[in-house]
Amino acid sequence: MRAPFTEDWSAVDIGLIGVPFDAGTTYRPGARFGPREMRNQSTFLNRIHHRSNIAPFDLCRIADLGDVWVETPFHLELAINHIAAFYKRISASGITPLTAGGDHSIALPILRGIAAGRKLGLLHIDAHADTSPGRWGSNYYHGGPFRMAVEEGLIDPMRTVQIGIRGSLPIPDLWKYSTDVGMRFIEIEDCHDMGWPNVIAEARRIVGDEPTYISFDIDSLDPAFAPGTGTPEVGGLTPIEAQMLIRGFRGLNLVGADVVEVSPPFDPTGTTALVGATIMFELLCVLADARAARGNRA
Ligand code: MN
Ligand code: MN
C-alpha cells in the first residue's frame, strides 16, 4: 500500500506486519512468501474506499513495520513464541496490528501477543474451522490455532463466529470442538440460505461491543478467485461477498486483523495475492474507522 517503512514504533497507530512463516502447514507450503507478494500486489491499492469513503491514511498513522523475524523456523514451538513476543511488543506500543501471513498457525501467537488478559471476540472467515486437536506430534499447526486460543483463554468461544466452513473431512465431526465450546459455526451453504446481510447481523450481535479480532483465511474464497493457497476448497466466497462481509463489520470494536494462507508458488498470475491485498485494504478501512472511534487508542 506504499505505506512508509519504519522501525520507530512510537508514532504508529496501525502497523502493517508480515509473518513469513509456513512451518505449520499440513499439505502444500508456500505461505511464507505471502507477505512479499501481497506487498507487491498492494501497490494497486489507493487511499480512499469507494463505498464507505473511509480514508484510513487520513484517520490514522499507518506504517509498514516489516516482517517478524523468526529465529528458529525449524522449531515450531519456539518460532510461535518468537512471533508472540513480537506481538506483545506491538500491543505494549499501542499499535493495532494488520498482519499478512504466513499460514494460519500464526493466529495463535498474534492472539497471545494482543489479548493482554482479555478474552477477545473473533470473526473467523475460512473454509476450515481450525479447531482440530494436535496432530503429528504438535499442537501448533494451521489446523488448530483457535482450539489452542480457547484453551489458553485468549478468545471467548461464545463471542466467536466462524463463517464459510466447508469441504470434505478426514474424520467425522472434525470441527465438533467449535460447536461444543459454543462458537457460532456457519457453513457456506448456511451463509447462502441466510443471506449475507443476516450473516453480518448475527455476527455483529454475537461479538457485541467488546474487543474483537478478525482472522481471514484466503481459502475462504473460491479457488476460482484465489487458487494460490495450501488447502483450496471449491464452493467458497466470491471476492465481493468477502469484501461486503468485512464492510459489514464496520463500527465493531476491532483490535486487529490478519489475512493468511496466500501461497505465491501456487498463484502464477498473482490474483490470489491481489485479492489478499484488497481484503487487507478492506480490513484496514474498518480497523482505522474503529481506532478513530476510540479516539485513536489501541
Ligand atoms: Mn485457516
Ligand atoms: Mn482454511
# chains A, B, ... in the order shown; residues from 1 in each chain; ligands from 1

$ residues_near_ligand --ligand "ligand 1" --cutoff "6 Å" --atoms "only C-alpha atoms and all ligand atoms" --output "PyMOL selection string"
chain A and resi 104+126+128+130+217

$ write_last_selection --atoms "N, CA and C atoms" --output "PDB file, in the first residue's frame"
ATOM      1  N   HIS A 104      -1.947 -20.315   8.884  1.00  0.00           N
ATOM      2  CA  HIS A 104      -2.882 -19.889   9.935  1.00  0.00           C
ATOM      3  C   HIS A 104      -2.385 -20.172  11.346  1.00  0.00           C
ATOM      4  N   ASP A 126     -13.168 -18.503   6.832  1.00  0.00           N
ATOM      5  CA  ASP A 126     -12.272 -19.621   6.479  1.00  0.00           C
ATOM      6  C   ASP A 126     -13.114 -20.749   5.889  1.00  0.00           C
ATOM      7  N   HIS A 128     -12.174 -23.669   6.719  1.00  0.00           N
ATOM      8  CA  HIS A 128     -11.909 -24.643   7.777  1.00  0.00           C
ATOM      9  C   HIS A 128     -12.049 -23.974   9.142  1.00  0.00           C
ATOM     10  N   ASP A 130     -10.431 -24.759  11.889  1.00  0.00           N
ATOM     11  CA  ASP A 130      -9.118 -24.647  12.562  1.00  0.00           C
ATOM     12  C   ASP A 130      -9.211 -24.809  14.070  1.00  0.00           C
ATOM     13  N   ASP A 217      -8.805 -16.232   6.401  1.00  0.00           N
ATOM     14  CA  ASP A 217      -8.037 -17.224   5.637  1.00  0.00           C
ATOM     15  C   ASP A 217      -8.443 -17.095   4.164  1.00  0.00           C
TER      16      ASP A 217
END

$ select_by_dssp --residues "segment 87-226 of chain A" --states "helix (DSSP H, G or I)" --output "ChimeraX atom specification"
/A:87-92,104-114,145-151,176-180,188-194,196-207,218-220

$ residues_near_ligand --ligand "ligand 2" --cutoff "9 Å" --atoms "only C-alpha atoms and all ligand atoms" --output "PyMOL selection string"
chain A and resi 104+125-130+142-143+165+216-220+229-233+260-261

$ closest_residue --among "A:Arg2, A:Arg28, A:Arg147, A:Arg36" --to "Gly270 of chain A" --atoms "only C-alpha atoms"
A:Arg36

$ closest_residue --among "A:Leu65, A:Val19, A:Leu254, A:Leu78" --to "Pro211 of chain A" --atoms "only C-alpha atoms"
A:Leu254

$ select_by_dssp --residues "segment 89-230 of chain A" --states "strand (DSSP E or B)" --output "JSON, numbers by chain"
{"A": [96, 97, 98, 99, 100, 101, 120, 121, 122, 123, 124, 125, 135, 138, 155, 156, 157, 158, 159, 160, 161, 162, 163, 164, 165, 184, 185, 186, 187, 212, 213, 214, 215, 216, 217, 221]}

$ closest_residue --among "A:Thr99, A:Thr179, A:Ser168, A:Ser105" --to "Ala149 of chain A" --atoms "only C-alpha atoms"
A:Ser105

$ residues_around --residues "Thr271 of chain A" --least-positions-apart "3" --cutoff "9 Å" --atoms "only C-alpha atoms" --output "ChimeraX atom specification"
/A:41,225-228,267-268,274-276

$ residues_around --residues "Gly182 of chain A" --least-positions-apart "6" --cutoff "12 Å" --atoms "only C-alpha atoms" --output "ChimeraX atom specification"
/A:147,150,155-162,175-176,206

$ residues_around --residues "Ser42 of chain A" --least-positions-apart "4" --cutoff "7 Å" --atoms "only C-alpha atoms" --output "PyMOL selection string"
chain A and resi 1+38+274+277

$ write_last_selection --atoms "N, CA, C and O atoms" --output "short mmCIF file (atom, residue, chain, number, x, y, z; two decimals), in the first residue's frame"
data_model
loop_
_atom_site.label_atom_id
_atom_site.label_comp_id
_atom_site.auth_asym_id
_atom_site.auth_seq_id
_atom_site.Cartn_x
_atom_site.Cartn_y
_atom_site.Cartn_z
N MET A 1 0.83 -1.20 0.00
CA MET A 1 0.00 0.00 0.00
C MET A 1 0.86 1.25 0.00
O MET A 1 0.36 2.32 0.30
N MET A 38 1.97 -10.05 -1.31
CA MET A 38 0.85 -9.14 -1.01
C MET A 38 1.33 -7.69 -0.99
O MET A 38 0.63 -6.79 -1.44
N LEU A 274 -3.35 -10.43 -5.06
CA LEU A 274 -4.10 -9.19 -5.27
C LEU A 274 -5.39 -9.20 -4.45
O LEU A 274 -5.73 -8.20 -3.80
N ALA A 277 -4.39 -8.70 -0.84
CA ALA A 277 -4.06 -7.31 -0.54
C ALA A 277 -5.32 -6.45 -0.50
O ALA A 277 -5.44 -5.53 0.32
#

$ residues_around --residues "Leu174 of chain A" --least-positions-apart "5" --cutoff "9 Å" --atoms "only C-alpha atoms" --output "ChimeraX atom specification"
/A:129,131-132,169

$ atom_distance --atom1 "atom CA of Pro4 of chain A" --atom2 "atom CA of Arg39 of chain A"
12.0 Å

$ residues_around --residues "segment 85-92 of chain A" --least-positions-apart "5" --cutoff "8 Å" --atoms "only C-alpha atoms" --output "list in words"
Val68, Pro97, Pro109, Ile110, Arg112, Gly113, Ile114, Ala116 and Ala298 of chain A

$ closest_residue --among "A:Glu210, A:Asp103, A:Asp67, A:Asp193" --to "Tyr27 of chain A" --atoms "only C-alpha atoms"
A:Asp103

$ atom_distance --atom1 "atom CA of Gly102 of chain A" --atom2 "atom CA of Glu282 of chain A"
18.9 Å
